[in-house]
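Right, one structure below, let's go through it.
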Amino acid sequence: MATLFKEVGYSLSLLIENIEMGDIGLPEIQRPFVWPNSKVRDLFDSMYRGFPIGYLLFWINGFSEVHRQIGTNVKQKVPRLLIVDGQQRLTSLYAVMKGIAVVRKDYSQERIYIAFRPRDQKFEVTDAATRRDPEFISDISQLWSGSLSRNRFVKGFIRRLGDHRPLSEDEEDELSENIDRLYNLQNYPFRALELSSAVDEENVAEVFVRINSKGTTLNQADFILTLMSVFWDEGRTELEYFCRDARQPSTSAGSPYNYFIQPDPDQLLRVSIGLGFRRARLRHVYSILRGKDLETEEFSDDLREQQFAVLKEAQGYALNLQNWHEFLKVLMRAGFRRGKMISSQNALLYTYALFLIGKRDYGIDSYTLRNTMARWFFMASLTGRYTGSPETKMEQDLALLRGVSNGQTFVQLVNRIIIDTFTEDYWNINLPNALATSSARSPSLFAYYAALNLLEARVLFSKMKVSELLDPALKGTKAAIERHHLFPRAFLRTLGLTSTRDTNQIANYALVEWSDNINISDKSPSEYFPQYAARFAQRELDEMMYWHALPQGWEEMEYLEFLEARRKQIARVIRDGFFKLNETLGK
């Protein structure tokens, strides 16, 4: 039986040379590097001691020799081999041996400094102590990437150490031999498995899992991002920079920074794919971007370039700061104020894709589009539309757009789906049942907070609005607003109710200011409620009772009876908040 791979031997220096020339694609130099420096130190220590450090897994890309990358900042050739397994190891080795920086998880750049003590052949992560200690080579990168030859480097080290303490000739010889051994790590042998270009991405992922039980399972986004590194490195870099800037507030220039999401490249890739190809499942998109004819199973450079042009245009639209911030207004219009209220990032991202489709492809005016997509996001978030099998559901939603020819039809389709989802049974049965949970990340809980914002509700026992105290810009030592147990846990214990499932029910929580939460402490509702209710006129109190879904006489109710009654009233408030988004839909 023919194997799907061949085994090839490399020296470390040959790997480094092939990466530098571009024959081996190493996109990880531009991607967040997740290994701690201590693991890089251990890698060099293992190699120095002659230990094996595992196989590398490459995938022959299958493209013709005549090919072009998009953009101008390109290497000498498009990689013949794509790295499937061994990215972190090769990134570590390449970065240290070439003395270049890696990108960290927060998108900051950092050089990896590894120190070596020739006296006892000890590796350390370089710190202030090793930099001062003449026994250490504080940066082993200088051996391979510095301006000095190996001989001059060794002589310089021994001379500096000799200035610090006496050295015998035998010791000088031993130090020189140990440094030579470190230098010769460039000849360390690697074994690589090169998978045939005939192997599809699903089987590549399967091979990866079978030979690397500790590795993270590869997905289609990983493969597409790798393709971008090969054929459109500028595009992948744009994704990386956008994600980096979304994590860092800017005081001058425009920025994608926001309080809702710190996106990762694969998430924004899904938005671009949805906009450009009207697809959510990435499997077929990956094949298309490879330039593969799905009928003949052959690759076409022209087809690949055409499809990358589609992706390039879509990504430019998705990363446009004006479009991005216009979409963020959709979330605010829906009543959501900060990231902690977003229970599903998939709902946010797929709503962004639909928003862009509505704007670019159907020319819907900003006012109509914002209100339409705000209703959509409220519905998608509350119902968990994109949880479970998000790609499948979004694929279905995108399929519905195939018969849409103009903006009016787009809006009508979206509204019809919303109305069909929010049936009377949903509001009266499904939603109250969904509220019977103690989960702190419940979509129905965050929809309730959003509804309070839409209804311009005030915090319980306060003149401050919920929206004001949920403002993410407010960051004190204590939260401006807190969830208060209407029936305090200590009081419930006197009733024999101790289970978290009972005491932490959503229906037992209300939003109050921090100081009120402290003062109420463990008092029973019948004790504290009359005291706080006396702050307000009857009209104000009635409004507050409605907003916070408090049944008449709630403070005297049996606890389980109170929970059931309040769940129904919370569902009513959520419904009223949703219809506030567009009164014309009717109730």
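Every chain in the structure tokens takes a letter, A first, then B, and so on in the order presented; its residues are numbered from 1, and the ligands are numbered from 1 following the presented order.
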Quick check for you: according to DSSP on this backbone, which residues of range 215-396 of chain A are classed as alpha helix (DSSP H)? Reply as an NGL selection string. :A and (220-231 or 233-245 or 265-277 or 282-289 or 301-318 or 321-333 or 345-356 or 366-383 or 390-396)
Go ahead and save the residues from that selection, with C-alpha atoms, as a CSV table (one decimal), in the first residue's frame.
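Output below, filename part-v8.csv:
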chain,number,residue,atom,x,y,z
A,220,GLN,CA,-10.2,25.0,8.6
A,221,ALA,CA,-9.4,28.6,9.8
A,222,ASP,CA,-5.9,27.4,10.6
A,223,PHE,CA,-5.4,26.2,7.0
A,224,ILE,CA,-6.9,29.3,5.5
A,225,LEU,CA,-4.7,31.5,7.6
A,226,THR,CA,-1.7,29.5,6.5
A,227,LEU,CA,-2.7,29.9,2.9
A,228,MET,CA,-2.9,33.7,3.5
A,229,SER,CA,0.7,33.6,4.8
A,230,VAL,CA,1.7,31.8,1.6
A,231,PHE,CA,-0.1,33.8,-1.0
A,233,ASP,CA,1.0,37.7,3.7
A,234,GLU,CA,0.1,41.4,3.8
A,235,GLY,CA,-3.6,40.4,4.3
A,236,ARG,CA,-2.7,38.1,7.2
A,237,THR,CA,-0.6,40.9,8.7
A,238,GLU,CA,-3.5,43.3,8.4
A,239,LEU,CA,-5.6,40.8,10.4
A,240,GLU,CA,-2.9,40.6,13.0
A,241,TYR,CA,-2.5,44.3,13.4
A,242,PHE,CA,-6.3,44.9,13.6
A,243,CYS,CA,-6.6,42.3,16.4
A,244,ARG,CA,-3.6,43.9,18.1
A,245,ASP,CA,-5.0,47.4,17.9
A,265,PRO,CA,-7.7,36.7,13.3
A,266,ASP,CA,-9.7,33.5,12.7
A,267,GLN,CA,-12.8,35.2,14.0
A,268,LEU,CA,-12.5,38.2,11.6
A,269,LEU,CA,-11.6,35.7,8.8
A,270,ARG,CA,-15.0,34.2,9.3
A,271,VAL,CA,-16.6,37.6,8.8
A,272,SER,CA,-14.7,38.2,5.6
A,273,ILE,CA,-15.6,34.7,4.3
A,274,GLY,CA,-19.3,35.3,5.1
A,275,LEU,CA,-19.2,38.6,3.2
A,276,GLY,CA,-17.1,37.6,0.3
A,277,PHE,CA,-18.2,34.1,-0.4
A,282,LEU,CA,-14.8,27.0,5.8
A,283,ARG,CA,-14.1,23.6,4.3
A,284,HIS,CA,-15.1,24.4,0.7
A,285,VAL,CA,-13.8,27.9,0.9
A,286,TYR,CA,-10.4,26.5,1.8
A,287,SER,CA,-10.4,24.3,-1.3
A,288,ILE,CA,-11.5,27.3,-3.5
A,289,LEU,CA,-8.7,29.5,-2.1
A,301,ASP,CA,-3.2,29.4,-10.3
A,302,ASP,CA,-5.7,31.7,-12.1
A,303,LEU,CA,-8.6,30.4,-10.1
A,304,ARG,CA,-6.7,30.9,-6.8
A,305,GLU,CA,-5.8,34.4,-7.7
A,306,GLN,CA,-9.4,35.2,-8.5
A,307,GLN,CA,-10.7,33.9,-5.2
A,308,PHE,CA,-8.0,35.6,-3.2
A,309,ALA,CA,-9.1,38.9,-5.0
A,310,VAL,CA,-12.6,38.2,-3.6
A,311,LEU,CA,-11.2,37.6,-0.1
A,312,LYS,CA,-9.0,40.7,-0.3
A,313,GLU,CA,-11.9,43.0,-1.2
A,314,ALA,CA,-14.1,41.5,1.5
A,315,GLN,CA,-11.4,41.7,4.2
A,316,GLY,CA,-10.8,45.4,3.3
A,317,TYR,CA,-14.5,46.1,3.9
A,318,ALA,CA,-14.6,44.1,7.1
A,321,LEU,CA,-12.7,51.3,10.8
A,322,GLN,CA,-15.8,53.2,9.8
A,323,ASN,CA,-17.7,50.0,9.1
A,324,TRP,CA,-16.4,48.4,12.3
A,325,HIS,CA,-17.6,51.3,14.5
A,326,GLU,CA,-20.9,51.6,12.7
A,327,PHE,CA,-21.5,48.0,13.6
A,328,LEU,CA,-20.5,48.5,17.2
A,329,LYS,CA,-23.3,51.1,17.3
A,330,VAL,CA,-25.7,48.2,16.4
A,331,LEU,CA,-24.8,46.5,19.7
A,332,MET,CA,-25.4,49.6,21.6
A,333,ARG,CA,-28.7,50.2,19.8
A,345,GLN,CA,-19.1,36.0,20.2
A,346,ASN,CA,-20.4,34.0,17.2
A,347,ALA,CA,-23.6,35.9,17.4
A,348,LEU,CA,-21.7,39.2,17.3
A,349,LEU,CA,-19.4,38.1,14.4
A,350,TYR,CA,-22.1,36.6,12.2
A,351,THR,CA,-24.3,39.6,12.8
A,352,TYR,CA,-21.4,41.8,11.6
A,353,ALA,CA,-21.1,39.7,8.5
A,354,LEU,CA,-24.9,40.2,7.8
A,355,PHE,CA,-24.5,43.9,8.6
A,356,LEU,CA,-21.7,44.2,6.0
A,366,SER,CA,-27.5,53.4,7.9
A,367,TYR,CA,-30.6,54.1,10.0
A,368,THR,CA,-32.6,51.2,8.7
A,369,LEU,CA,-29.7,48.8,8.8
A,370,ARG,CA,-28.7,49.7,12.3
A,371,ASN,CA,-32.2,49.1,13.7
A,372,THR,CA,-32.7,45.9,11.7
A,373,MET,CA,-29.4,44.4,12.7
A,374,ALA,CA,-30.0,45.5,16.3
A,375,ARG,CA,-33.2,43.4,16.4
A,376,TRP,CA,-31.3,40.6,14.8
A,377,PHE,CA,-28.5,40.6,17.3
A,378,PHE,CA,-30.9,40.8,20.2
A,379,MET,CA,-32.8,37.8,18.9
A,380,ALA,CA,-29.6,35.8,18.0
A,381,SER,CA,-28.0,36.5,21.4
A,382,LEU,CA,-31.1,35.8,23.4
A,383,THR,CA,-32.0,32.5,21.7
A,390,PRO,CA,-22.9,27.9,14.5
A,391,GLU,CA,-21.5,27.2,11.0
A,392,THR,CA,-24.5,25.1,10.1
A,393,LYS,CA,-27.0,27.7,11.3
A,394,MET,CA,-25.1,30.6,9.6
A,395,GLU,CA,-24.9,28.6,6.4
A,396,GLN,CA,-28.7,28.3,6.5
Give me the residues within 12 Å of Ile137 in chain A as a ChimeraX atom specification, counting only C-alpha atoms and dropping any in the same chain fewer than 6 places off. /A:113-119,121-127,129-131,143,153-154,156-158,160-161,175,178-179,182
Take the selection from the previous step and output its residues with C-alpha atoms, as a PDB file, in the first residue's frame.
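Wrote it out as part-v7.pdb, contents follow:
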ATOM      1  CA  TYR A 113      17.026  35.817  25.170  1.00  0.00           C
ATOM      2  CA  ILE A 114      18.524  32.485  26.234  1.00  0.00           C
ATOM      3  CA  ALA A 115      21.709  32.384  28.327  1.00  0.00           C
ATOM      4  CA  PHE A 116      24.297  29.598  28.496  1.00  0.00           C
ATOM      5  CA  ARG A 117      26.974  28.915  31.112  1.00  0.00           C
ATOM      6  CA  PRO A 118      29.805  26.965  29.436  1.00  0.00           C
ATOM      7  CA  ARG A 119      31.361  25.990  32.757  1.00  0.00           C
ATOM      8  CA  GLN A 121      26.632  23.613  30.289  1.00  0.00           C
ATOM      9  CA  LYS A 122      23.594  25.177  31.925  1.00  0.00           C
ATOM     10  CA  PHE A 123      20.873  27.047  30.003  1.00  0.00           C
ATOM     11  CA  GLU A 124      18.818  29.834  31.572  1.00  0.00           C
ATOM     12  CA  VAL A 125      16.264  32.392  30.465  1.00  0.00           C
ATOM     13  CA  THR A 126      18.307  35.576  30.434  1.00  0.00           C
ATOM     14  CA  ASP A 127      17.638  37.979  33.294  1.00  0.00           C
ATOM     15  CA  ALA A 129      21.638  38.394  36.987  1.00  0.00           C
ATOM     16  CA  THR A 130      22.843  36.390  33.973  1.00  0.00           C
ATOM     17  CA  ARG A 131      23.548  39.609  32.069  1.00  0.00           C
ATOM     18  CA  LEU A 143      26.853  32.878  18.225  1.00  0.00           C
ATOM     19  CA  PHE A 153      33.431  35.054  19.869  1.00  0.00           C
ATOM     20  CA  VAL A 154      34.964  32.223  21.938  1.00  0.00           C
ATOM     21  CA  GLY A 156      36.303  37.215  23.539  1.00  0.00           C
ATOM     22  CA  PHE A 157      34.243  35.276  26.080  1.00  0.00           C
ATOM     23  CA  ILE A 158      37.299  33.549  27.576  1.00  0.00           C
ATOM     24  CA  ARG A 160      36.318  38.581  29.639  1.00  0.00           C
ATOM     25  CA  LEU A 161      35.928  35.655  32.024  1.00  0.00           C
ATOM     26  CA  LEU A 175      35.001  26.205  27.881  1.00  0.00           C
ATOM     27  CA  ASN A 178      31.408  23.487  25.289  1.00  0.00           C
ATOM     28  CA  ILE A 179      30.807  26.679  23.302  1.00  0.00           C
ATOM     29  CA  LEU A 182      26.559  24.887  21.391  1.00  0.00           C
TER      30      LEU A 182
END
Strand (DSSP E or B) per DSSP on the backbone: members of range 335-488 of chain A, as a ChimeraX atom specification: /A:458,460,465,481-485
When you count only C-alpha atoms, which of these residues is closest to Arg489 in chain A: A:Pro525, A:Gly403, A:Pro472, A:Pro263?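 With only C-alpha atoms as the atom set, the closest residue is A:Pro525.
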Range 92-99 of chain A environment, 7 Å, only C-alpha atoms, sequence neighbours closer than 5 positions dropped, as a list in words: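 The neighbour list is Ile16, Val40, Ile112, Ser141, Trp144 and Ser145 of chain A.
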Quick one: residues within 10 Å of Leu12 in chain A, only C-alpha atoms, excluding same-chain residues fewer than 6 positions away - as a ChimeraX atom specification? /A:18,90,93-94,97,184-190
Excluding Arg501 in chain A and any residue of its chain fewer than 2 positions from it, enumerate the residues within 9 Å of it, using only C-alpha atoms, and give them as a list of chain:residue names.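 The residues satisfying every condition are A:Thr437, A:Ser438, A:Ser439, A:Thr498, A:Ser499, A:Thr503, A:Asn504, A:Gln505.
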With N, CA and C atoms kept, could you save the residues just selected as a PDB file, in the first residue's frame?
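Result written to result.pdb:
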ATOM      1  N   THR A 437     -32.500  29.318  35.846  1.00  0.00           N
ATOM      2  CA  THR A 437     -31.107  28.886  35.889  1.00  0.00           C
ATOM      3  C   THR A 437     -30.339  29.765  36.861  1.00  0.00           C
ATOM      4  N   SER A 438     -29.222  29.248  37.328  1.00  0.00           N
ATOM      5  CA  SER A 438     -28.341  30.036  38.195  1.00  0.00           C
ATOM      6  C   SER A 438     -27.068  30.449  37.446  1.00  0.00           C
ATOM      7  N   SER A 439     -27.042  30.232  36.134  1.00  0.00           N
ATOM      8  CA  SER A 439     -25.855  30.558  35.345  1.00  0.00           C
ATOM      9  C   SER A 439     -25.626  32.065  35.322  1.00  0.00           C
ATOM     10  N   THR A 498     -30.343  25.938  50.763  1.00  0.00           N
ATOM     11  CA  THR A 498     -28.885  26.145  50.738  1.00  0.00           C
ATOM     12  C   THR A 498     -28.262  25.851  49.382  1.00  0.00           C
ATOM     13  N   SER A 499     -28.975  25.192  48.492  1.00  0.00           N
ATOM     14  CA  SER A 499     -28.425  24.842  47.189  1.00  0.00           C
ATOM     15  C   SER A 499     -28.195  26.095  46.343  1.00  0.00           C
ATOM     16  N   THR A 503     -30.534  29.337  45.474  1.00  0.00           N
ATOM     17  CA  THR A 503     -30.246  30.680  45.988  1.00  0.00           C
ATOM     18  C   THR A 503     -29.749  31.636  44.915  1.00  0.00           C
ATOM     19  N   ASN A 504     -29.069  31.111  43.886  1.00  0.00           N
ATOM     20  CA  ASN A 504     -28.492  31.984  42.852  1.00  0.00           C
ATOM     21  C   ASN A 504     -29.298  32.001  41.564  1.00  0.00           C
ATOM     22  N   GLN A 505     -30.574  31.730  41.660  1.00  0.00           N
ATOM     23  CA  GLN A 505     -31.438  31.822  40.485  1.00  0.00           C
ATOM     24  C   GLN A 505     -31.407  33.236  39.908  1.00  0.00           C
TER      25      GLN A 505
END
